[in-house]
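Data block for start-v9.tsv (TSV, C-alpha atoms):
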chain	number	residue	atom	x	y	z
A	1	MET	CA	-327.84	114.75	-16.43
A	2	GLN	CA	-326.81	111.93	-18.72
A	3	LEU	CA	-323.25	113.29	-18.94
A	4	LYS	CA	-323.08	113.32	-15.14
A	5	ASN	CA	-324.13	109.67	-15.00
A	6	TYR	CA	-321.46	108.77	-17.56
A	7	ASN	CA	-318.87	110.55	-15.42
A	8	VAL	CA	-319.91	108.50	-12.40
A	9	TYR	CA	-319.85	105.22	-14.35
A	10	PHE	CA	-316.46	106.03	-15.85
A	11	PHE	CA	-315.07	106.94	-12.43
A	12	PHE	CA	-316.19	103.61	-10.93
A	13	VAL	CA	-314.77	101.65	-13.87
A	14	ILE	CA	-311.39	103.32	-13.31
A	15	LEU	CA	-311.70	102.85	-9.53
A	16	ILE	CA	-312.44	99.12	-9.86
A	17	GLY	CA	-309.66	98.62	-12.42
A	18	VAL	CA	-307.05	100.42	-10.30
A	19	THR	CA	-308.23	98.57	-7.18
A	20	ILE	CA	-307.76	95.21	-8.93
A	21	LEU	CA	-304.25	96.21	-10.03
A	22	ALA	CA	-303.44	97.43	-6.50
A	23	TYR	CA	-304.64	94.09	-5.10
A	24	PHE	CA	-302.25	92.12	-7.32
A	25	ILE	CA	-299.39	94.46	-6.38
A	26	LEU	CA	-300.06	94.08	-2.65
A	27	LYS	CA	-301.11	90.40	-2.76
A	28	PRO	CA	-297.66	88.98	-1.77
A	29	PHE	CA	-297.70	91.14	1.37
A	30	LEU	CA	-301.30	90.69	2.53
A	31	VAL	CA	-300.56	87.86	4.98
A	32	PRO	CA	-297.64	89.59	6.78
A	33	PHE	CA	-299.73	92.78	6.83
A	34	LEU	CA	-302.64	90.91	8.42
A	35	ILE	CA	-300.30	89.36	11.00
A	36	ALA	CA	-298.89	92.83	11.72
A	37	GLY	CA	-302.44	94.13	12.19
A	38	ILE	CA	-303.22	91.33	14.65
A	39	LEU	CA	-300.01	91.97	16.61
A	40	ALA	CA	-300.68	95.72	16.63
A	41	HIS	CA	-304.10	95.06	18.14
A	42	LEU	CA	-302.75	92.63	20.75
A	43	PHE	CA	-299.93	94.97	21.86
A	44	ALA	CA	-301.87	98.25	21.58
A	45	SER	CA	-302.14	98.64	25.36
A	46	PHE	CA	-298.39	98.01	25.77
A	47	TYR	CA	-297.70	100.62	23.07
A	48	ARG	CA	-299.91	103.16	24.89
A	49	MET	CA	-298.04	102.46	28.14
A	50	LEU	CA	-294.73	103.14	26.39
A	51	LEU	CA	-296.14	106.41	25.04
A	52	LYS	CA	-296.43	107.67	28.62
A	53	ILE	CA	-292.88	106.57	29.43
A	54	THR	CA	-291.35	108.08	26.26
A	55	ARG	CA	-293.29	111.36	26.62
A	56	GLN	CA	-295.60	110.66	23.66
A	57	SER	CA	-292.80	109.71	21.27
A	58	LYS	CA	-294.69	107.51	18.81
A	59	ALA	CA	-291.63	106.40	16.87
A	60	TRP	CA	-289.68	105.27	19.94
A	61	SER	CA	-292.73	103.61	21.50
A	62	SER	CA	-293.47	101.71	18.29
A	63	LEU	CA	-289.81	100.70	17.87
A	64	LEU	CA	-289.58	99.43	21.46
A	65	THR	CA	-292.84	97.51	21.04
A	66	CYS	CA	-291.49	95.85	17.88
A	67	LEU	CA	-288.28	94.89	19.71
A	68	VAL	CA	-290.25	93.34	22.58
A	69	ILE	CA	-292.42	91.36	20.14
A	70	ALA	CA	-289.29	90.19	18.30
A	71	LEU	CA	-287.78	88.98	21.59
A	72	ILE	CA	-291.00	87.16	22.52
A	73	ILE	CA	-291.07	85.40	19.14
A	74	LEU	CA	-287.35	84.75	18.60
A	75	THR	CA	-286.24	83.71	22.10
A	76	PRO	CA	-288.19	80.41	22.24
A	77	ILE	CA	-287.38	79.72	18.57
A	78	ILE	CA	-283.63	80.08	19.20
A	79	LEU	CA	-283.75	77.97	22.38
A	80	VAL	CA	-285.79	75.18	20.79
A	81	SER	CA	-283.72	75.28	17.59
A	82	SER	CA	-280.50	74.79	19.55
A	83	LEU	CA	-282.01	71.79	21.33
A	84	VAL	CA	-283.30	70.35	18.04
A	85	VAL	CA	-279.90	70.77	16.36
A	86	SER	CA	-278.27	69.03	19.32
A	87	GLU	CA	-280.71	66.11	19.07
A	88	VAL	CA	-280.25	65.77	15.31
A	89	GLN	CA	-276.47	65.76	15.78
A	90	ASN	CA	-276.78	63.05	18.44
A	91	MET	CA	-278.94	60.97	16.08
A	92	LEU	CA	-276.39	61.32	13.27
A	93	ASP	CA	-273.53	60.37	15.60
A	94	TYR	CA	-275.45	57.35	16.85
A	95	SER	CA	-276.34	56.17	13.36
A	96	SER	CA	-272.72	56.48	12.18
A	97	GLN	CA	-271.41	54.55	15.19
A	98	ASN	CA	-274.11	51.90	15.08
A	99	SER	CA	-274.59	51.30	11.37
A	100	VAL	CA	-276.67	48.28	10.44
A	101	SER	CA	-277.37	46.61	7.12
A	102	ILE	CA	-280.59	47.18	5.24
A	103	GLU	CA	-281.26	43.44	5.34
A	104	SER	CA	-281.11	43.37	9.15
A	105	VAL	CA	-283.55	46.30	9.31
A	106	ALA	CA	-285.91	44.45	6.95
A	107	ASP	CA	-285.62	41.28	9.07
A	108	ASN	CA	-286.45	43.24	12.20
A	109	VAL	CA	-289.51	44.87	10.63
A	110	ARG	CA	-290.74	41.52	9.24
A	111	TYR	CA	-290.30	39.85	12.62
A	112	ASN	CA	-292.40	42.47	14.40
A	113	LEU	CA	-295.06	42.54	11.68
A	114	SER	CA	-295.41	38.76	11.84
A	115	ALA	CA	-296.76	39.06	15.39
A	116	LEU	CA	-299.77	41.07	14.19
A	117	PRO	CA	-303.11	39.22	13.74
A	118	LEU	CA	-303.41	40.10	10.04
A	119	ALA	CA	-299.81	39.13	9.22
A	120	LYS	CA	-300.80	35.71	7.84
A	121	PHE	CA	-302.80	37.42	5.08
A	122	ILE	CA	-299.80	39.51	3.95
A	123	ALA	CA	-296.82	38.27	1.94
A	124	LEU	CA	-294.24	39.92	4.19
A	125	GLU	CA	-291.29	38.60	2.18
A	126	ARG	CA	-292.50	40.49	-0.89
A	127	VAL	CA	-293.64	43.62	0.95
A	128	VAL	CA	-290.65	44.05	3.28
A	129	ASN	CA	-287.32	42.91	1.85
A	130	GLN	CA	-283.90	44.26	1.01
A	131	GLU	CA	-285.05	45.54	-2.39
A	132	THR	CA	-288.04	47.50	-1.08
A	133	MET	CA	-286.00	48.93	1.80
A	134	SER	CA	-283.18	49.90	-0.60
A	135	ASN	CA	-285.69	51.59	-2.92
A	136	ALA	CA	-287.09	53.56	0.02
A	137	VAL	CA	-283.62	54.71	1.09
A	138	GLN	CA	-282.71	55.59	-2.52
A	139	SER	CA	-285.91	57.58	-2.96
A	140	LEU	CA	-285.21	59.48	0.26
A	141	SER	CA	-281.65	60.23	-0.89
A	142	GLN	CA	-282.83	61.49	-4.28
A	143	ASN	CA	-285.35	63.81	-2.65
A	144	ALA	CA	-282.87	65.09	-0.06
A	145	LEU	CA	-281.48	67.75	-2.44
A	146	VAL	CA	-284.98	68.93	-3.35
A	147	ILE	CA	-285.88	69.13	0.33
A	148	LEU	CA	-282.68	71.07	1.06
A	149	GLN	CA	-283.36	73.55	-1.76
A	150	SER	CA	-286.93	74.02	-0.54
A	151	THR	CA	-285.61	74.64	2.96
A	152	TYR	CA	-283.27	77.42	1.77
A	153	GLN	CA	-286.08	78.99	-0.27
A	154	GLY	CA	-288.36	78.73	2.74
A	155	ILE	CA	-285.80	80.46	4.97
A	156	ALA	CA	-285.40	83.30	2.44
A	157	ASN	CA	-289.18	83.67	2.25
A	158	ILE	CA	-289.46	83.72	6.06
A	159	VAL	CA	-286.84	86.49	6.27
A	160	LEU	CA	-288.74	88.60	3.69
A	161	VAL	CA	-292.12	88.01	5.34
A	162	THR	CA	-290.68	88.84	8.78
A	163	PHE	CA	-289.19	92.11	7.49
A	164	VAL	CA	-292.48	93.15	5.87
A	165	MET	CA	-294.42	92.17	8.99
A	166	PHE	CA	-292.29	94.23	11.40
A	167	PHE	CA	-292.09	97.16	8.97
A	168	SER	CA	-295.91	97.15	8.73
A	169	LEU	CA	-296.23	96.66	12.49
A	170	PHE	CA	-294.11	99.75	13.17
A	171	TYR	CA	-296.48	102.00	11.20
A	172	LEU	CA	-299.70	100.25	12.23
A	173	LEU	CA	-298.91	100.90	15.89
A	174	ILE	CA	-298.54	104.59	15.06
A	175	ASP	CA	-301.29	105.08	12.46
A	176	GLY	CA	-303.55	102.05	13.00
A	177	ASN	CA	-306.40	104.07	14.53
A	178	LYS	CA	-306.28	106.55	11.64
A	179	LEU	CA	-306.52	103.68	9.16
A	180	ILE	CA	-309.55	102.21	10.96
A	181	LYS	CA	-311.29	105.60	11.03
A	182	LYS	CA	-310.59	106.10	7.32
A	183	ILE	CA	-312.06	102.69	6.47
A	184	MET	CA	-315.15	103.47	8.58
A	185	GLN	CA	-315.58	106.80	6.76
A	186	LEU	CA	-315.46	105.07	3.37
A	187	SER	CA	-317.73	102.21	4.44
A	188	PRO	CA	-321.46	102.63	3.64
A	189	LEU	CA	-322.38	100.42	6.62
A	190	ARG	CA	-324.05	101.95	9.65
A	191	ASP	CA	-321.76	102.82	12.55
A	192	ASN	CA	-323.35	100.22	14.84
A	193	TYR	CA	-322.70	97.47	12.27
A	194	GLU	CA	-319.11	98.62	11.83
A	195	ASN	CA	-318.65	98.50	15.61
A	196	ILE	CA	-320.06	94.95	15.64
A	197	LEU	CA	-317.48	93.88	13.04
A	198	ILE	CA	-314.63	95.53	14.98
A	199	GLU	CA	-315.72	93.90	18.24
A	200	LYS	CA	-316.00	90.54	16.49
A	201	PHE	CA	-312.50	90.94	15.04
A	202	ASN	CA	-311.14	91.76	18.50
A	203	SER	CA	-312.85	88.82	20.22
A	204	ILE	CA	-311.96	86.21	17.57
A	205	THR	CA	-308.32	87.37	17.53
A	206	ARG	CA	-307.95	87.11	21.30
A	207	ALA	CA	-309.81	83.80	21.49
A	208	THR	CA	-307.93	82.14	18.62
A	209	ILE	CA	-304.47	83.14	19.79
A	210	LYS	CA	-305.19	82.44	23.46
A	211	GLY	CA	-306.74	79.03	22.78
A	212	THR	CA	-304.33	77.87	20.09
A	213	ILE	CA	-301.13	78.88	21.90
A	214	LEU	CA	-302.29	77.44	25.23
A	215	ILE	CA	-303.30	74.11	23.67
A	216	ALA	CA	-300.10	73.95	21.58
A	217	ILE	CA	-297.90	74.46	24.65
A	218	MET	CA	-299.83	71.90	26.71
A	219	GLN	CA	-299.84	69.26	23.96
A	220	GLY	CA	-296.18	69.84	23.11
A	221	PHE	CA	-295.16	69.58	26.78
A	222	LEU	CA	-297.20	66.42	27.40
A	223	GLY	CA	-295.90	64.90	24.16
A	224	GLY	CA	-292.31	65.65	25.13
A	225	VAL	CA	-292.76	64.05	28.56
A	226	LEU	CA	-294.46	61.04	26.95
A	227	PHE	CA	-291.64	60.53	24.44
A	228	VAL	CA	-288.97	60.82	27.15
A	229	VAL	CA	-290.73	58.32	29.43
A	230	THR	CA	-291.25	55.80	26.62
A	231	GLY	CA	-287.66	56.11	25.37
A	232	VAL	CA	-288.37	57.62	21.95
A	233	SER	CA	-285.38	59.09	20.12
A	234	ALA	CA	-285.29	62.89	19.68
A	235	PRO	CA	-288.16	63.68	22.09
A	236	ILE	CA	-287.64	67.46	21.89
A	237	LEU	CA	-287.77	67.43	18.09
A	238	LEU	CA	-290.98	65.39	18.15
A	239	ALA	CA	-292.46	67.61	20.88
A	240	LEU	CA	-291.73	70.64	18.68
A	241	LEU	CA	-293.45	68.98	15.72
A	242	MET	CA	-296.45	68.21	17.94
A	243	THR	CA	-296.57	71.83	19.12
A	244	LEU	CA	-296.60	73.08	15.52
A	245	SER	CA	-299.11	70.50	14.28
A	246	SER	CA	-301.48	71.19	17.18
A	247	VAL	CA	-302.63	74.41	15.48
A	248	ILE	CA	-304.81	72.10	13.36
A	249	PRO	CA	-307.93	71.36	15.44
A	250	ALA	CA	-308.94	67.78	16.28
A	251	ILE	CA	-306.26	65.96	14.27
A	252	GLY	CA	-303.10	68.06	14.66
A	253	ALA	CA	-301.25	66.35	17.52
A	254	GLY	CA	-302.34	62.91	16.27
A	255	LEU	CA	-300.25	63.47	13.15
A	256	VAL	CA	-297.21	63.04	15.43
A	257	TRP	CA	-298.06	60.70	18.30
A	258	LEU	CA	-299.89	58.11	16.15
A	259	PRO	CA	-297.03	57.47	13.65
A	260	VAL	CA	-294.52	57.46	16.53
A	261	GLY	CA	-296.60	54.92	18.45
A	262	LEU	CA	-296.98	52.67	15.40
A	263	PHE	CA	-293.25	52.94	14.63
A	264	MET	CA	-292.37	51.91	18.18
A	265	MET	CA	-294.65	48.87	17.90
A	266	LEU	CA	-293.22	47.84	14.52
A	267	THR	CA	-289.64	48.08	15.78
A	268	GLY	CA	-290.24	45.80	18.76
A	269	ASN	CA	-291.16	48.33	21.47
A	270	VAL	CA	-294.77	47.15	21.60
A	271	MET	CA	-295.55	48.29	25.14
A	272	SER	CA	-294.07	51.76	24.55
A	273	GLY	CA	-296.06	52.07	21.32
A	274	ILE	CA	-299.30	51.08	23.07
A	275	ILE	CA	-298.65	53.59	25.87
A	276	ILE	CA	-298.01	56.39	23.35
A	277	ILE	CA	-301.19	55.64	21.37
A	278	LEU	CA	-303.40	55.28	24.46
A	279	PHE	CA	-302.01	58.41	26.14
A	280	GLY	CA	-302.25	60.35	22.89
A	281	ALA	CA	-305.86	59.33	22.28
A	282	LEU	CA	-307.13	59.60	25.86
A	283	VAL	CA	-305.17	62.59	27.18
A	284	ILE	CA	-303.47	64.68	24.47
A	285	SER	CA	-306.36	64.65	21.99
A	286	THR	CA	-308.85	65.21	24.81
A	287	LEU	CA	-307.23	68.59	25.45
A	288	ASP	CA	-307.96	69.56	21.86
A	289	ASN	CA	-311.45	68.12	21.55
A	290	PHE	CA	-312.81	69.47	24.83
A	291	ILE	CA	-310.75	72.54	25.75
A	292	ARG	CA	-310.45	74.20	22.31
A	293	PRO	CA	-314.23	74.57	21.77
A	294	LYS	CA	-314.52	76.14	25.23
A	295	LEU	CA	-311.60	78.53	24.74
A	296	VAL	CA	-312.16	79.42	21.08
A	297	GLY	CA	-315.76	78.51	20.28
A	298	LYS	CA	-317.19	80.29	23.33
A	299	ASP	CA	-315.79	83.71	22.40
A	300	THR	CA	-316.18	83.33	18.64
A	301	GLU	CA	-319.69	81.84	18.83
A	302	MET	CA	-318.80	79.48	15.99
A	303	HIS	CA	-319.55	75.79	15.72
A	304	PRO	CA	-316.49	73.52	16.34
A	305	LEU	CA	-316.88	72.08	12.82
A	306	LEU	CA	-316.71	75.57	11.34
A	307	ILE	CA	-313.62	76.31	13.44
A	308	LEU	CA	-311.98	73.14	12.09
A	309	PHE	CA	-312.77	73.92	8.44
A	310	SER	CA	-311.75	77.59	8.71
A	311	THR	CA	-308.45	76.63	10.36
A	312	LEU	CA	-307.60	73.94	7.79
A	313	GLY	CA	-308.66	76.16	4.88
A	314	GLY	CA	-306.74	79.09	6.33
A	315	ILE	CA	-303.55	77.03	6.62
A	316	VAL	CA	-303.93	75.78	3.02
A	317	LEU	CA	-304.50	79.31	1.71
A	318	PHE	CA	-302.25	81.43	3.94
A	319	GLY	CA	-299.71	78.97	5.35
A	320	LEU	CA	-299.07	78.69	9.08
A	321	ALA	CA	-300.59	82.13	9.68
A	322	GLY	CA	-303.90	80.69	8.45
A	323	PHE	CA	-304.63	79.18	11.87
A	324	ILE	CA	-305.38	82.78	12.96
A	325	VAL	CA	-306.44	84.40	9.68
A	326	GLY	CA	-308.83	81.58	8.67
A	327	PRO	CA	-311.08	81.71	11.77
A	328	ILE	CA	-311.04	85.54	11.70
A	329	ILE	CA	-312.27	85.65	8.10
A	330	MET	CA	-314.88	82.96	8.77
A	331	SER	CA	-316.10	84.76	11.89
A	332	LEU	CA	-316.47	88.03	9.95
A	333	PHE	CA	-318.30	86.09	7.20
A	334	VAL	CA	-320.81	84.74	9.73
A	335	THR	CA	-321.18	88.17	11.35
A	336	LEU	CA	-321.89	89.84	8.00
A	337	TRP	CA	-324.68	87.34	7.34
A	338	ASP	CA	-326.08	88.09	10.80
A	339	ILE	CA	-326.03	91.80	9.92
A	340	TYR	CA	-327.77	91.01	6.64
A	341	TYR	CA	-330.52	89.22	8.55
A	342	LEU	CA	-330.90	92.12	11.01
A	343	GLU	CA	-331.16	94.62	8.16
A	344	PHE	CA	-333.57	92.66	5.95
A	345	ARG	CA	-335.43	90.39	8.36
A	346	THR	CA	-338.79	92.10	7.62
A	347	GLN	CA	-338.42	91.54	3.87
A	348	LEU	CA	-337.17	87.99	4.43
A	349	LYS	CA	-340.23	87.16	6.50
A	350	GLU	CA	-342.41	88.50	3.70
A	351	PHE	CA	-340.60	86.38	1.11
A	352	ASN	CA	-340.84	83.25	3.26
A	353	LYS	CA	-344.60	83.42	3.72

What do you get writing this file as structure tokens?
Amino acid sequence: MQLKNYNVYFFFVILIGVTILAYFILKPFLVPFLIAGILAHLFASFYRMLLKITRQSKAWSSLLTCLVIALIILTPIILVSSLVVSEVQNMLDYSSQNSVSIESVADNVRYNLSALPLAKFIALERVVNQETMSNAVQSLSQNALVILQSTYQGIANIVLVTFVMFFSLFYLLIDGNKLIKKIMQLSPLRDNYENILIEKFNSITRATIKGTILIAIMQGFLGGVLFVVTGVSAPILLALLMTLSSVIPAIGAGLVWLPVGLFMMLTGNVMSGIIIILFGALVISTLDNFIRPKLVGKDTEMHPLLILFSTLGGIVLFGLAGFIVGPIIMSLFVTLWDIYYLEFRTQLKEFNK
């Protein structure tokens, strides 16, 4: 009997050790694998439809589904990228044809700052002058190479992550149900609890993607229109930045429209800056603060503050994919504690007497 117990203990020690090693081996690919799992779930019905068309050919159906997903993702990226490149080129051409001295830029900034109520308490000549402006330009130039190197590294990383994601997606579409059944067989949880977790994963995935993408498109479109109307340079580039930043709840879009509005005011376009800030605060941010909780919070049954923290934490931990992965993990965390309460509520009531 004792020998049998030792065998069990030894087996679990080996199992835990190998599992830890396997985790570190697979760690670089966990995020693209999670994204592939989410995409496989979202396009499962489309994959099943293709199965009927291809006479139950799983490989062809999965390959066609991956191609459709790639087109959906890449088409808007290519279109927007071409517009952004065009705008950047126009900005470079304009700056080369209309070069101004650093001193004139400093004079312009000082002149506009002097109109502010608190300007008399600030030594503008010491804060904004040719030396400080030159230092800022020099610092930007010195960091340009680092930024460029980071960009190339980022592109290489994106290519690798994209390959792993689509490779995983291909097999998850084919064998995803088998994987879920295998996990359920190994899980000691009751079947009804496992079904609750699966349903929660499905609902939070749909709600997060639906809400985030809809809000991002709306805020990016409104921001682009706003920047065009107010005469801001590179409106499409700024609208793209607003679309990307809007994945952060509550504060995302404000990271773009607020600095742009302040910059317009400081460079003499006071009315345009005021319009941008007012429209951003009253209209663009309202979309986030009122629509996101209804679209995301309603289906996930999570407090808006928890949605904010899980999104921010997810982005810090997993990168851009964290805006989906973070809320999913947090929702499963909350659900597991709900299951814990359902399972042990009698004992908890006894302890709390």

task: For atom CA of A:Val316 and atom CA of A:Thr75, quote the distance in Å rounded to one decimal.
output: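 Straight-line distance from atom CA of A:Val316 to atom CA of A:Thr75 works out to 27.2 Å.
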
Just the residues within 8 Å of A:Val31, please, counting all atoms listed in the file, with nothing from its chain fewer than 4 positions along; format it as an mmCIF file with C-alpha atoms, in the coordinates of the input.
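That gives us selection.cif:
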data_model
loop_
_atom_site.group_PDB
_atom_site.id
_atom_site.type_symbol
_atom_site.label_atom_id
_atom_site.label_comp_id
_atom_site.auth_asym_id
_atom_site.auth_seq_id
_atom_site.Cartn_x
_atom_site.Cartn_y
_atom_site.Cartn_z
ATOM 1 C CA ILE A 35 -300.300 89.360 11.000
ATOM 2 C CA PHE A 318 -302.250 81.430 3.940
ATOM 3 C CA ALA A 321 -300.590 82.130 9.680
#

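For the pair atom CA of A:Gly176 and atom CA of A:Gly37, the interatomic distance is 8.0 Å.
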
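When only C-alpha atoms are used to measure the gap to A:Trp337, the shortest distance among A:Leu197, A:Ile174, A:Thr54, A:Val256 belongs to A:Leu197.
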
Contacts of A:Tyr193 within 12 Å, all atoms listed in the file, excl. fewer than 2 positions in-chain, as an NGL selection string: :A and (184 or 187-191 or 195-200 or 332 or 335-343)

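Interatomic distance, atom CA of A:Gly319 to atom CA of A:Leu244: 12.2 Å.
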
- request: Quick one: everything within 6 Å of A:Ala36, counting all atoms listed in the file, minus sequence neighbours fewer than 4 positions away in the same chain. Send it as a list in words.
  value: Ala40, Met165 and Leu169 of chain A

Could you give me, as a Markdown table, a per-residue list for stretch 249-353 of chain A showing, wherever an atom lies at most 8 Å from an atom of stretch 226-241 of chain A, the closest pair of atoms and their distance in Å to one decimal, using only C-alpha atoms and sorting by chain then residue number from low to high?
| residue | atom | partner | partner_atom | distance |
| --- | --- | --- | --- | --- |
| A:Val256 | CA | A:Leu241 | CA | 7.0 |
| A:Met264 | CA | A:Val232 | CA | 7.9 |
| A:Ser272 | CA | A:Thr230 | CA | 5.3 |
| A:Ile275 | CA | A:Thr230 | CA | 7.8 |
| A:Ile276 | CA | A:Leu226 | CA | 6.9 |

- request: Up to 10 Å from (-294.9, 99.0, 22.4) in the file's coordinates: name the residues, counting all atoms listed in the file, as a PyMOL selection string.
  value: chain A and resi 40+43-51+58-69+170+173-174

task: Check the smallest atom-to-atom distance from each of A:Met302, A:Leu258, A:Ile274, A:Val18 to A:Ile329 using all atoms listed in the file, then report the winner.
output: A:Met302
